[in-house]
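So the structure is just underneath, and the comments pick up after that.
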Amino acid sequence: MRTALTLDPDVAIKAKKAAAKLHKPFEEVINAALRVGLDEVLKPPAARPYRTKARPLRLRQGFSYDKIGKLLARAEGEDHS
């Protein structure tokens with residue numbers, strides 16, 4: 001597809017230098033750069049890792065963690081076996 005494109009002067013200079021260095025046509029360098037750039041722009045953002053804040057665990061008054069059966073009965077009801 002043929003189209004007119006206005007490049008900023010600094011971009012045009014970089015593209016011309018890249019074309020000369022790579023011994024490739026200017027148009028090919030522009031197309032390759034656009035492909036790479038558009039892939040990067042359209043890539044979904046990286047998910048941030050899920051983090052939780054650490055909180056101190058304290059014993060609750062009235063609960064004896066030594067008698068787990070009573071603790072479960074109190075938490076889940078007397079039907080717990």
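Here, A, B, ... name the chains of the structure tokens in the order displayed, residue numbers run from 1 inside each chain, and ligands are numbered from 1 in the same displayed order.
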Just the residues within 10 Å of Lys17 in chain A, please, counting only C-alpha atoms, with nothing from its chain fewer than 6 positions along; format it as a PyMOL selection string.
-> chain A and resi 11+23+26+29
Give me the residues within 12 Å of Lys16 in chain A as a list in words, counting only C-alpha atoms and dropping any in the same chain fewer than 4 places off.
->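 So the residues in contact are Leu7, Pro9, Asp10, Val11, Ala12, Ala20, Lys21, Leu22, His23, Lys24, Pro25, Phe26, Glu27, Glu28, Val29 and Ile30 of chain A.
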Could you save those same residues with C-alpha atoms as a PDB file, in the first residue's frame?
ATOM      1  CA  LEU A   7       8.288  11.806   9.840  1.00  0.00           C
ATOM      2  CA  PRO A   9      13.305  15.062  11.493  1.00  0.00           C
ATOM      3  CA  ASP A  10      15.028  13.018  14.230  1.00  0.00           C
ATOM      4  CA  VAL A  11      13.092   9.874  13.255  1.00  0.00           C
ATOM      5  CA  ALA A  12      13.917  10.336   9.575  1.00  0.00           C
ATOM      6  CA  ALA A  20      22.621   2.721   5.442  1.00  0.00           C
ATOM      7  CA  LYS A  21      24.049   0.600   8.262  1.00  0.00           C
ATOM      8  CA  LEU A  22      21.890  -2.435   7.423  1.00  0.00           C
ATOM      9  CA  HIS A  23      22.232  -1.975   3.635  1.00  0.00           C
ATOM     10  CA  LYS A  24      18.456  -2.115   3.298  1.00  0.00           C
ATOM     11  CA  PRO A  25      15.985   0.199   1.592  1.00  0.00           C
ATOM     12  CA  PHE A  26      14.567   3.062   3.652  1.00  0.00           C
ATOM     13  CA  GLU A  27      11.017   1.737   3.172  1.00  0.00           C
ATOM     14  CA  GLU A  28      11.977  -1.702   4.521  1.00  0.00           C
ATOM     15  CA  VAL A  29      13.555  -0.165   7.631  1.00  0.00           C
ATOM     16  CA  ILE A  30      10.445   1.963   8.269  1.00  0.00           C
TER      17      ILE A  30
END
Taking the DSSP assignment computed from this structure's backbone, write out as an MDAnalysis selection string all residues of chain A that belong to helix (DSSP H, G or I).
-> chainID A and resid 9:22 26:42 68:76
Can those selected residues be exported to a file as a CSV table (one decimal), in the first residue's frame so that it contains N, CA and C atoms?
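And here is the file that came out, selection_5.csv:
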chain,number,residue,atom,x,y,z
A,9,PRO,N,11.9,15.1,12.0
A,9,PRO,CA,13.3,15.1,11.5
A,9,PRO,C,14.2,14.1,12.2
A,10,ASP,N,14.1,13.9,13.5
A,10,ASP,CA,15.0,13.0,14.2
A,10,ASP,C,14.7,11.6,13.9
A,11,VAL,N,13.5,11.2,13.6
A,11,VAL,CA,13.1,9.9,13.3
A,11,VAL,C,13.6,9.6,11.8
A,12,ALA,N,13.4,10.5,11.0
A,12,ALA,CA,13.9,10.3,9.6
A,12,ALA,C,15.4,10.1,9.5
A,13,ILE,N,16.2,10.9,10.3
A,13,ILE,CA,17.6,10.7,10.4
A,13,ILE,C,18.0,9.3,10.9
A,14,LYS,N,17.4,8.9,12.0
A,14,LYS,CA,17.6,7.6,12.5
A,14,LYS,C,17.3,6.5,11.5
A,15,ALA,N,16.2,6.6,10.8
A,15,ALA,CA,15.8,5.6,9.8
A,15,ALA,C,16.8,5.6,8.7
A,16,LYS,N,17.2,6.7,8.2
A,16,LYS,CA,18.2,6.8,7.1
A,16,LYS,C,19.5,6.2,7.5
A,17,LYS,N,20.0,6.4,8.8
A,17,LYS,CA,21.2,5.9,9.3
A,17,LYS,C,21.1,4.3,9.4
A,18,ALA,N,19.9,3.9,9.9
A,18,ALA,CA,19.7,2.4,10.0
A,18,ALA,C,19.7,1.8,8.6
A,19,ALA,N,19.1,2.4,7.7
A,19,ALA,CA,19.0,1.8,6.3
A,19,ALA,C,20.4,1.7,5.7
A,20,ALA,N,21.2,2.7,5.9
A,20,ALA,CA,22.6,2.7,5.4
A,20,ALA,C,23.4,1.7,6.2
A,21,LYS,N,23.3,1.6,7.5
A,21,LYS,CA,24.0,0.6,8.3
A,21,LYS,C,23.7,-0.8,7.9
A,22,LEU,N,22.4,-1.1,7.7
A,22,LEU,CA,21.9,-2.4,7.4
A,22,LEU,C,21.9,-2.8,5.9
A,26,PHE,N,15.2,2.2,2.6
A,26,PHE,CA,14.6,3.1,3.7
A,26,PHE,C,13.2,2.5,4.0
A,27,GLU,N,12.4,2.2,3.0
A,27,GLU,CA,11.0,1.7,3.2
A,27,GLU,C,11.0,0.5,4.0
A,28,GLU,N,11.9,-0.4,3.8
A,28,GLU,CA,12.0,-1.7,4.5
A,28,GLU,C,12.3,-1.4,6.0
A,29,VAL,N,13.2,-0.5,6.2
A,29,VAL,CA,13.6,-0.2,7.6
A,29,VAL,C,12.4,0.4,8.3
A,30,ILE,N,11.6,1.3,7.7
A,30,ILE,CA,10.4,2.0,8.3
A,30,ILE,C,9.4,0.9,8.6
A,31,ASN,N,9.1,0.0,7.6
A,31,ASN,CA,8.1,-1.1,7.9
A,31,ASN,C,8.5,-2.0,9.0
A,32,ALA,N,9.8,-2.3,9.1
A,32,ALA,CA,10.2,-3.2,10.2
A,32,ALA,C,10.1,-2.5,11.5
A,33,ALA,N,10.5,-1.2,11.6
A,33,ALA,CA,10.4,-0.4,12.8
A,33,ALA,C,8.9,-0.3,13.2
A,34,LEU,N,8.0,0.0,12.3
A,34,LEU,CA,6.6,0.1,12.6
A,34,LEU,C,6.0,-1.2,13.1
A,35,ARG,N,6.4,-2.3,12.5
A,35,ARG,CA,5.9,-3.6,13.0
A,35,ARG,C,6.3,-3.9,14.5
A,36,VAL,N,7.6,-3.6,14.7
A,36,VAL,CA,8.1,-3.9,16.1
A,36,VAL,C,7.4,-2.9,17.1
A,37,GLY,N,7.3,-1.6,16.7
A,37,GLY,CA,6.7,-0.6,17.6
A,37,GLY,C,5.3,-0.9,17.8
A,38,LEU,N,4.5,-1.2,16.8
A,38,LEU,CA,3.1,-1.5,16.9
A,38,LEU,C,2.8,-2.7,17.8
A,39,ASP,N,3.7,-3.8,17.6
A,39,ASP,CA,3.5,-5.0,18.4
A,39,ASP,C,3.7,-4.6,19.9
A,40,GLU,N,4.7,-3.8,20.2
A,40,GLU,CA,4.9,-3.4,21.5
A,40,GLU,C,3.8,-2.5,22.1
A,41,VAL,N,3.3,-1.6,21.3
A,41,VAL,CA,2.2,-0.7,21.7
A,41,VAL,C,0.9,-1.5,22.0
A,42,LEU,N,0.6,-2.5,21.1
A,42,LEU,CA,-0.6,-3.2,21.2
A,42,LEU,C,-0.5,-4.4,22.2
A,68,ILE,N,-8.7,-28.8,69.8
A,68,ILE,CA,-9.2,-28.5,68.5
A,68,ILE,C,-10.6,-28.9,68.3
A,69,GLY,N,-11.0,-30.0,68.9
A,69,GLY,CA,-12.4,-30.5,68.8
A,69,GLY,C,-13.4,-29.4,69.3
A,70,LYS,N,-13.1,-28.9,70.5
A,70,LYS,CA,-14.0,-27.8,71.1
A,70,LYS,C,-14.0,-26.6,70.2
A,71,LEU,N,-12.8,-26.3,69.7
A,71,LEU,CA,-12.7,-25.1,68.8
A,71,LEU,C,-13.6,-25.2,67.6
A,72,LEU,N,-13.5,-26.4,66.9
A,72,LEU,CA,-14.3,-26.7,65.7
A,72,LEU,C,-15.8,-26.7,66.0
A,73,ALA,N,-16.1,-27.3,67.2
A,73,ALA,CA,-17.5,-27.3,67.6
A,73,ALA,C,-18.1,-25.9,67.8
A,74,ARG,N,-17.3,-25.1,68.4
A,74,ARG,CA,-17.7,-23.7,68.6
A,74,ARG,C,-17.8,-22.9,67.3
A,75,ALA,N,-16.8,-23.2,66.4
A,75,ALA,CA,-16.8,-22.4,65.1
A,75,ALA,C,-17.9,-22.9,64.1
A,76,GLU,N,-18.1,-24.2,64.1
A,76,GLU,CA,-19.0,-24.8,63.1
A,76,GLU,C,-20.3,-25.4,63.7
If you measure from CA of Gly77 in chain A to CA of Ala54 in chain A, what distance in Å do you get, rounded to one decimal?
->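 Calculated distance between CA of Gly77 in chain A and CA of Ala54 in chain A is 29.5 Å.
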